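Asker: You'll find upload.cif just under this line, and it carries mmCIF, C-alpha atoms.
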data_run
loop_
_atom_site.label_atom_id
_atom_site.label_comp_id
_atom_site.auth_asym_id
_atom_site.auth_seq_id
_atom_site.Cartn_x
_atom_site.Cartn_y
_atom_site.Cartn_z
CA MET N 1 17.63 2.42 13.37
CA LYS N 2 21.25 1.39 13.90
CA ASN N 3 20.12 -1.80 15.61
CA LYS N 4 17.85 -2.56 12.63
CA LYS N 5 20.75 -2.08 10.19
CA ARG N 6 22.97 -4.26 12.31
CA LYS N 7 20.28 -6.91 12.37
CA ILE N 8 19.91 -6.74 8.57
CA ASN N 9 23.67 -6.88 8.11
CA LYS N 10 23.85 -9.84 10.46
CA ASN N 11 21.13 -11.65 8.52
CA ILE N 12 22.91 -10.96 5.23
CA LEU N 13 26.15 -12.27 6.71
CA ILE N 14 24.39 -15.41 7.90
CA LEU N 15 22.88 -15.90 4.43
CA ILE N 16 26.30 -15.45 2.77
CA VAL N 17 28.01 -17.89 5.13
CA SER N 18 25.16 -20.37 4.73
CA GLY N 19 25.44 -20.03 0.95
CA ILE N 20 29.18 -20.64 1.03
CA VAL N 21 28.73 -23.71 3.24
CA LEU N 22 25.98 -25.01 0.96
CA LEU N 23 28.15 -24.51 -2.13
CA PHE N 24 31.00 -26.28 -0.36
CA ILE N 25 28.76 -29.24 0.50
CA ILE N 26 27.36 -29.41 -3.05
CA GLY N 27 30.88 -29.17 -4.48
CA SER N 28 32.11 -31.95 -2.18
CA VAL N 29 29.22 -34.20 -3.19
CA ILE N 30 29.82 -33.55 -6.89
CA TYR N 31 33.58 -34.15 -6.47
CA LYS N 32 32.98 -37.41 -4.64
CA ASN N 33 30.48 -38.59 -7.26
CA VAL N 34 32.81 -37.71 -10.13
CA ASN N 35 35.82 -39.40 -8.48
CA ARG N 36 33.98 -42.34 -6.93
CA PHE N 37 35.36 -45.70 -8.03
CA GLU N 38 32.65 -48.34 -8.24
CA LEU N 39 33.26 -51.67 -9.97
CA SER N 40 32.16 -55.20 -9.25
CA VAL N 41 32.87 -58.47 -11.03
CA GLY N 42 30.38 -61.22 -10.28
CA ASP N 43 29.66 -61.06 -6.56
CA SER N 44 32.98 -59.37 -5.75
CA LYS N 45 33.42 -55.64 -5.31
CA VAL N 46 36.72 -54.47 -6.82
CA SER N 47 38.78 -52.02 -4.77
CA LYS N 48 40.98 -49.33 -6.27
CA GLU N 49 44.05 -51.24 -5.07
CA GLU N 50 42.92 -54.45 -6.76
CA TYR N 51 42.12 -52.63 -10.00
CA LEU N 52 45.49 -50.87 -10.05
CA ALA N 53 47.38 -54.11 -9.37
CA CYS N 54 45.66 -55.73 -12.36
CA MET N 55 46.10 -52.65 -14.51
CA LYS N 56 49.86 -52.60 -13.90
CA ALA N 57 50.02 -56.34 -14.66
CA VAL N 58 48.46 -55.93 -18.13
CA GLU N 59 49.90 -52.51 -19.01
CA TYR N 60 53.01 -53.76 -20.80
CA ASP N 61 51.16 -56.44 -22.80
CA THR N 62 48.49 -53.90 -23.76
CA LYS N 63 51.17 -51.51 -24.99
CA ILE N 64 52.72 -54.25 -27.15
CA GLU N 65 49.26 -55.27 -28.40
CA ILE N 66 48.49 -51.72 -29.58
CA GLN N 67 51.94 -51.22 -31.12
CA GLN N 68 51.71 -54.44 -33.11
CA LYS N 69 48.10 -54.03 -34.19
CA TYR N 70 48.38 -50.37 -35.22
CA ASP N 71 52.09 -50.30 -36.17
CA CYS N 72 52.87 -47.32 -33.93
CA GLU N 73 55.64 -46.24 -31.60
CA TYR N 74 55.37 -45.55 -27.89
CA THR N 75 55.18 -41.79 -27.42
CA GLU N 76 54.36 -39.45 -24.53
CA ASP N 77 50.70 -39.27 -25.57
CA PHE N 78 50.48 -42.99 -26.46
CA TRP N 79 47.57 -43.77 -24.12
CA GLU N 80 45.62 -40.65 -25.09
CA LYS N 81 45.68 -41.41 -28.81
CA LYS N 82 42.69 -43.02 -30.49
CA TYR N 83 43.03 -46.42 -32.13
CA ASP N 84 40.00 -47.09 -34.33
CA ASP N 85 37.08 -46.27 -32.03
CA LYS N 86 38.90 -46.39 -28.67
CA PHE N 87 41.56 -44.42 -26.85
CA GLY N 88 44.61 -46.30 -25.61
CA TYR N 89 43.59 -45.92 -21.97
CA GLU N 90 40.14 -47.36 -22.81
CA ILE N 91 41.79 -50.45 -24.33
CA LEU N 92 43.88 -50.75 -21.17
CA ALA N 93 40.73 -50.48 -19.03
CA ASP N 94 39.04 -53.24 -21.07
CA ASN N 95 42.06 -55.53 -20.68
CA THR N 96 42.22 -54.81 -16.95
CA ILE N 97 38.57 -55.78 -16.49
CA GLU N 98 39.10 -58.95 -18.53
CA ARG N 99 42.02 -59.84 -16.26
CA LEU N 100 39.84 -59.18 -13.20
CA GLN N 101 37.16 -61.48 -14.65
CA TYR N 102 39.74 -64.22 -15.15
CA ILE N 103 41.12 -63.92 -11.62
CA ASN N 104 37.61 -63.83 -10.18
CA ALA N 105 36.67 -66.99 -12.11
CA VAL N 106 39.79 -68.87 -10.97
CA TYR N 107 39.22 -68.07 -7.32
CA GLU N 108 35.49 -68.72 -7.42
CA VAL N 109 36.15 -72.21 -8.83
CA ALA N 110 38.88 -72.72 -6.21
CA LYS N 111 36.52 -71.66 -3.41
CA GLU N 112 33.73 -73.92 -4.69
CA ASN N 113 36.15 -76.86 -4.51
CA GLY N 114 37.56 -75.97 -1.09
CA ASP N 115 41.02 -75.02 -2.35
CA VAL N 116 40.87 -71.54 -0.78
CA LYS N 117 38.80 -70.33 2.14
CA ASP N 118 38.97 -66.67 1.18
CA SER N 119 38.70 -65.86 -2.53
CA SER N 120 38.80 -62.09 -2.00
CA PHE N 121 41.63 -59.72 -2.93
CA ALA N 122 42.24 -59.11 0.78
CA GLY N 123 42.60 -62.86 1.33
CA LEU N 124 45.08 -63.10 -1.53
CA GLU N 125 47.13 -60.21 -0.13
CA LYS N 126 47.17 -61.90 3.28
CA ARG N 127 48.49 -65.17 1.82
CA TRP N 128 51.11 -63.30 -0.23
CA LYS N 129 52.44 -61.42 2.81
CA ALA N 130 52.40 -64.59 4.92
CA GLU N 131 54.40 -66.46 2.26
CA ASN N 132 57.02 -63.71 2.10
CA ALA N 133 57.23 -63.52 5.89
CA GLU N 134 57.78 -67.29 6.06
CA ARG N 135 60.53 -67.13 3.44
CA GLU N 136 62.22 -64.24 5.23
CA GLU N 137 62.17 -66.19 8.50
CA LYS N 138 63.68 -69.26 6.84
CA ILE N 139 66.48 -67.20 5.29
CA LYS N 140 67.26 -65.65 8.70
CA ASN N 141 67.48 -69.14 10.20
CA GLY N 142 69.80 -70.35 7.46
CA GLU N 143 67.21 -72.70 5.96
CA VAL N 144 66.98 -73.50 2.26
CA VAL N 145 64.37 -71.49 0.32
CA TYR N 146 63.44 -72.80 -3.11
CA GLY N 147 62.57 -70.36 -5.87
CA VAL N 148 62.61 -66.63 -5.23
CA LYS N 149 63.58 -65.08 -1.91
CA GLU N 150 60.59 -62.77 -2.04
CA TYR N 151 57.49 -62.71 -4.24
CA THR N 152 56.19 -59.59 -5.90
CA PHE N 153 52.40 -59.48 -5.70
CA GLU N 154 51.93 -60.32 -9.39
CA LEU N 155 54.45 -63.17 -9.26
CA TYR N 156 52.72 -64.67 -6.23
CA LEU N 157 49.33 -64.33 -7.92
CA ARG N 158 50.59 -66.21 -10.98
CA TYR N 159 52.17 -68.87 -8.78
CA GLU N 160 49.01 -69.41 -6.74
CA MET N 161 46.71 -69.52 -9.77
CA SER N 162 49.04 -72.03 -11.43
CA THR N 163 48.99 -74.16 -8.27
CA LEU N 164 45.18 -74.02 -8.12
CA LYS N 165 44.93 -75.11 -11.75
CA GLU N 166 47.33 -78.00 -11.19
CA LYS N 167 45.41 -79.12 -8.10
CA TYR N 168 42.10 -79.04 -9.96
CA CYS N 169 43.42 -80.94 -12.99
CA ASN N 170 45.05 -83.64 -10.86
CA ASP N 171 41.75 -84.51 -9.16
CA LYS N 172 39.85 -86.84 -11.49
CA LYS N 173 36.71 -86.53 -9.36
CA ARG N 174 36.21 -82.90 -10.24
CA LYS N 175 33.91 -81.57 -12.95
CA GLY N 176 35.32 -82.25 -16.41
CA MET N 177 38.34 -84.19 -15.18
CA THR N 178 36.97 -87.69 -15.83
CA LEU N 179 37.96 -88.41 -19.42
CA THR N 180 36.38 -90.89 -21.79
CA GLU N 181 38.55 -92.95 -24.11
CA GLU N 182 36.85 -91.25 -27.07
CA GLU N 183 37.90 -87.82 -25.78
CA VAL N 184 41.47 -88.97 -25.22
CA LEU N 185 41.68 -90.52 -28.69
CA GLU N 186 40.20 -87.41 -30.34
CA HIS N 187 42.68 -85.14 -28.56
CA TYR N 188 45.56 -87.45 -29.46
CA ASN N 189 44.58 -87.38 -33.14
CA SER N 190 44.35 -83.58 -33.15
CA HIS N 191 48.12 -83.20 -32.54
CA ASP N 192 51.41 -84.74 -33.56
CA TRP N 193 52.89 -86.15 -30.36
CA VAL N 194 56.67 -86.50 -30.71
CA ARG N 195 59.49 -87.22 -28.28
CA ASP N 196 61.42 -84.22 -26.98
CA ASP N 197 64.74 -85.61 -28.21
CA SER N 198 63.60 -86.62 -31.69
CA GLU N 199 60.97 -86.23 -34.39
CA GLU N 200 59.67 -89.74 -33.76
CA LYS N 201 55.90 -89.79 -33.32
CA MET N 202 54.65 -91.50 -30.17
CA ASP N 203 51.73 -93.89 -30.14
CA LEU N 204 48.78 -93.18 -27.84
CA GLU N 205 49.91 -95.37 -24.96
CA THR N 206 53.36 -93.79 -24.91
CA ALA N 207 51.89 -90.27 -25.11
CA ARG N 208 48.85 -90.94 -22.88
CA ILE N 209 50.06 -89.07 -19.78
CA SER N 210 50.84 -85.94 -21.79
CA VAL N 211 47.62 -86.23 -23.82
CA GLU N 212 45.42 -86.56 -20.75
CA GLN N 213 47.20 -83.78 -18.88
CA GLU N 214 46.84 -81.35 -21.78
CA LEU N 215 43.20 -82.33 -22.29
CA ARG N 216 42.37 -81.77 -18.61
CA GLU N 217 44.09 -78.37 -18.69
CA LYS N 218 42.10 -77.49 -21.80
CA LYS N 219 38.84 -78.48 -20.12
CA TYR N 220 39.80 -76.50 -17.00
CA ASP N 221 40.43 -73.42 -19.18
CA GLU N 222 36.99 -73.91 -20.75
CA ILE N 223 35.39 -74.05 -17.28
CA ILE N 224 37.15 -70.81 -16.32
CA GLY N 225 36.19 -69.23 -19.65
CA GLN N 226 32.53 -70.08 -19.11
CA LYS N 227 32.73 -68.70 -15.58
CA MET N 228 34.13 -65.46 -17.00
CA LYS N 229 31.26 -65.17 -19.49
CA ASN N 230 28.73 -65.66 -16.73
CA SER N 231 30.33 -63.07 -14.42
CA GLN N 232 28.49 -59.78 -14.61
CA VAL N 233 30.59 -56.61 -14.65
CA VAL N 234 28.92 -53.61 -13.03
CA GLY N 235 30.50 -50.18 -13.24
CA GLU N 236 30.47 -46.95 -15.21
CA MET N 237 33.10 -47.43 -17.90
CA GLY N 238 33.56 -43.69 -18.43
CA LYS N 239 34.69 -43.20 -14.82
CA ILE N 240 36.79 -46.38 -14.86
CA SER N 241 38.53 -45.29 -18.06
CA ARG N 242 39.29 -41.83 -16.61
CA PHE N 243 40.61 -43.49 -13.43
CA THR N 244 42.83 -45.68 -15.64
CA LEU N 245 44.24 -42.68 -17.53
CA LYS N 246 44.90 -40.82 -14.27
CA ASN N 247 46.93 -43.74 -12.88
CA ILE N 248 49.00 -44.84 -15.89
#
Please go through the file and, once you have read it, give me the structure as structure tokens.
Answerer:
Amino acid sequence: MKNKKRKINKNILILIVSGIVLLFIIGSVIYKNVNRFELSVGDSKVSKEEYLACMKAVEYDTKIEIQQKYDCEYTEDFWEKKYDDKFGYEILADNTIERLQYINAVYEVAKENGDVKDSSFAGLEKRWKAENAEREEKIKNGEVVYGVKEYTFELYLRYEMSTLKEKYCNDKKRKGMTLTEEEVLEHYNSHDWVRDDSEEKMDLETARISVEQELREKKYDEIIGQKMKNSQVVGEMGKISRFTLKNI
């Protein structure tokens, strides 16, 4: 009889332990699903680190945008307030994704034209660290370093994207960079081209270099803009917005 009771008690104990383990597993799965960060832009999967870097880069501008548009002050609950139909952190999430789309478009175009071998976030980080390491080495050796001694990640990103744009626009063989005389004349007529040191208007031939440069940059921006429109964003915005709020 005692053995039977012990056996029953042992079975109950096994059931309880099994139940606790099962609940733990279910809880872990639910927690992971709730906190999972999944976002992709175009063919690129966005990591948490990449998202946060972009979020921090647009946070200040987003704050100013909301303050100006809704005539409000920055308070402790600024990001949790609703502005029209969206919370502040949702607006920040939208702006972050738009920034990610822009960066993705720039680097996809650069990769297509052979300007970068690795268009991924990891590749960008590698180039950034290598640039800083090279500058540090030059400073140690007493060599001249132009510009900053060390790049922040965002500053390096802006520098590299600017360089990629310049390289694209300076190559007349690339898509959109061969200009017709009609295009040049139309762009010239759409602005008043004056000398920097006076209000004297320049004729087309005097202003040509500036006109063509600005026109090529405009066409490059249009190419990037179209690339952004074509890039599909995949991710659950509710989770992304909550992740944004958690990390502000």
Asker: Using all atoms listed in the file, which residue out of N:Val148, N:Glu160, N:Ala105, N:Ser119 lies closest to Tyr220 (chain N)?
Answerer: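 Selected residue with least distance to Tyr220 (chain N): N:Ala105.
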Asker: Just say which residues the PyMOL selection byres ((chain N and resi 213-218) around 9) picks in this file, as a list of chain:residue names.
Answerer: N:Lys165, N:Glu166, N:Tyr168, N:Cys169, N:Asn170, N:Gly176, N:Met177, N:Thr178, N:Leu179, N:Glu183, N:Val184, N:His187, N:Arg208, N:Ile209, N:Ser210, N:Val211, N:Glu212, N:Lys219, N:Tyr220, N:Asp221, N:Glu222, N:Ile223
Asker: Give the answer as one residue: which of N:Ser40, N:Asn189, N:Thr163, N:Asn141 has the shortest atom-to-atom distance to Met237 (chain N), using all atoms listed in the file?
Answerer: N:Ser40
Asker: For the PyMOL selection byres ((chain N and resi 73-85) around 12), applied here, can you spell out every residue it catches as a list of chain:residue names?
Answerer: N:Glu59, N:Tyr60, N:Thr62, N:Lys63, N:Ile64, N:Glu65, N:Ile66, N:Gln67, N:Gln68, N:Lys69, N:Tyr70, N:Asp71, N:Cys72, N:Lys86, N:Phe87, N:Gly88, N:Tyr89, N:Glu90, N:Ile91, N:Leu92, N:Ala93, N:Ser241, N:Arg242, N:Thr244, N:Leu245, N:Lys246, N:Asn247, N:Ile248
Asker: Mind writing the picked residues with C-alpha atoms as a CSV table (one decimal), in the frame of the given file?
Answerer:
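The resulting file, out15.csv, is reproduced below:
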chain,number,residue,atom,x,y,z
N,59,GLU,CA,49.9,-52.5,-19.0
N,60,TYR,CA,53.0,-53.8,-20.8
N,62,THR,CA,48.5,-53.9,-23.8
N,63,LYS,CA,51.2,-51.5,-25.0
N,64,ILE,CA,52.7,-54.2,-27.2
N,65,GLU,CA,49.3,-55.3,-28.4
N,66,ILE,CA,48.5,-51.7,-29.6
N,67,GLN,CA,51.9,-51.2,-31.1
N,68,GLN,CA,51.7,-54.4,-33.1
N,69,LYS,CA,48.1,-54.0,-34.2
N,70,TYR,CA,48.4,-50.4,-35.2
N,71,ASP,CA,52.1,-50.3,-36.2
N,72,CYS,CA,52.9,-47.3,-33.9
N,86,LYS,CA,38.9,-46.4,-28.7
N,87,PHE,CA,41.6,-44.4,-26.8
N,88,GLY,CA,44.6,-46.3,-25.6
N,89,TYR,CA,43.6,-45.9,-22.0
N,90,GLU,CA,40.1,-47.4,-22.8
N,91,ILE,CA,41.8,-50.4,-24.3
N,92,LEU,CA,43.9,-50.8,-21.2
N,93,ALA,CA,40.7,-50.5,-19.0
N,241,SER,CA,38.5,-45.3,-18.1
N,242,ARG,CA,39.3,-41.8,-16.6
N,244,THR,CA,42.8,-45.7,-15.6
N,245,LEU,CA,44.2,-42.7,-17.5
N,246,LYS,CA,44.9,-40.8,-14.3
N,247,ASN,CA,46.9,-43.7,-12.9
N,248,ILE,CA,49.0,-44.8,-15.9
Asker: So the first atom is CA of Val46 (chain N) and the second is CA of Glu112 (chain N); what is the distance between them in Å, to one decimal place?
Answerer: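 Going from CA of Val46 (chain N) over to CA of Glu112 (chain N) covers 19.8 Å.
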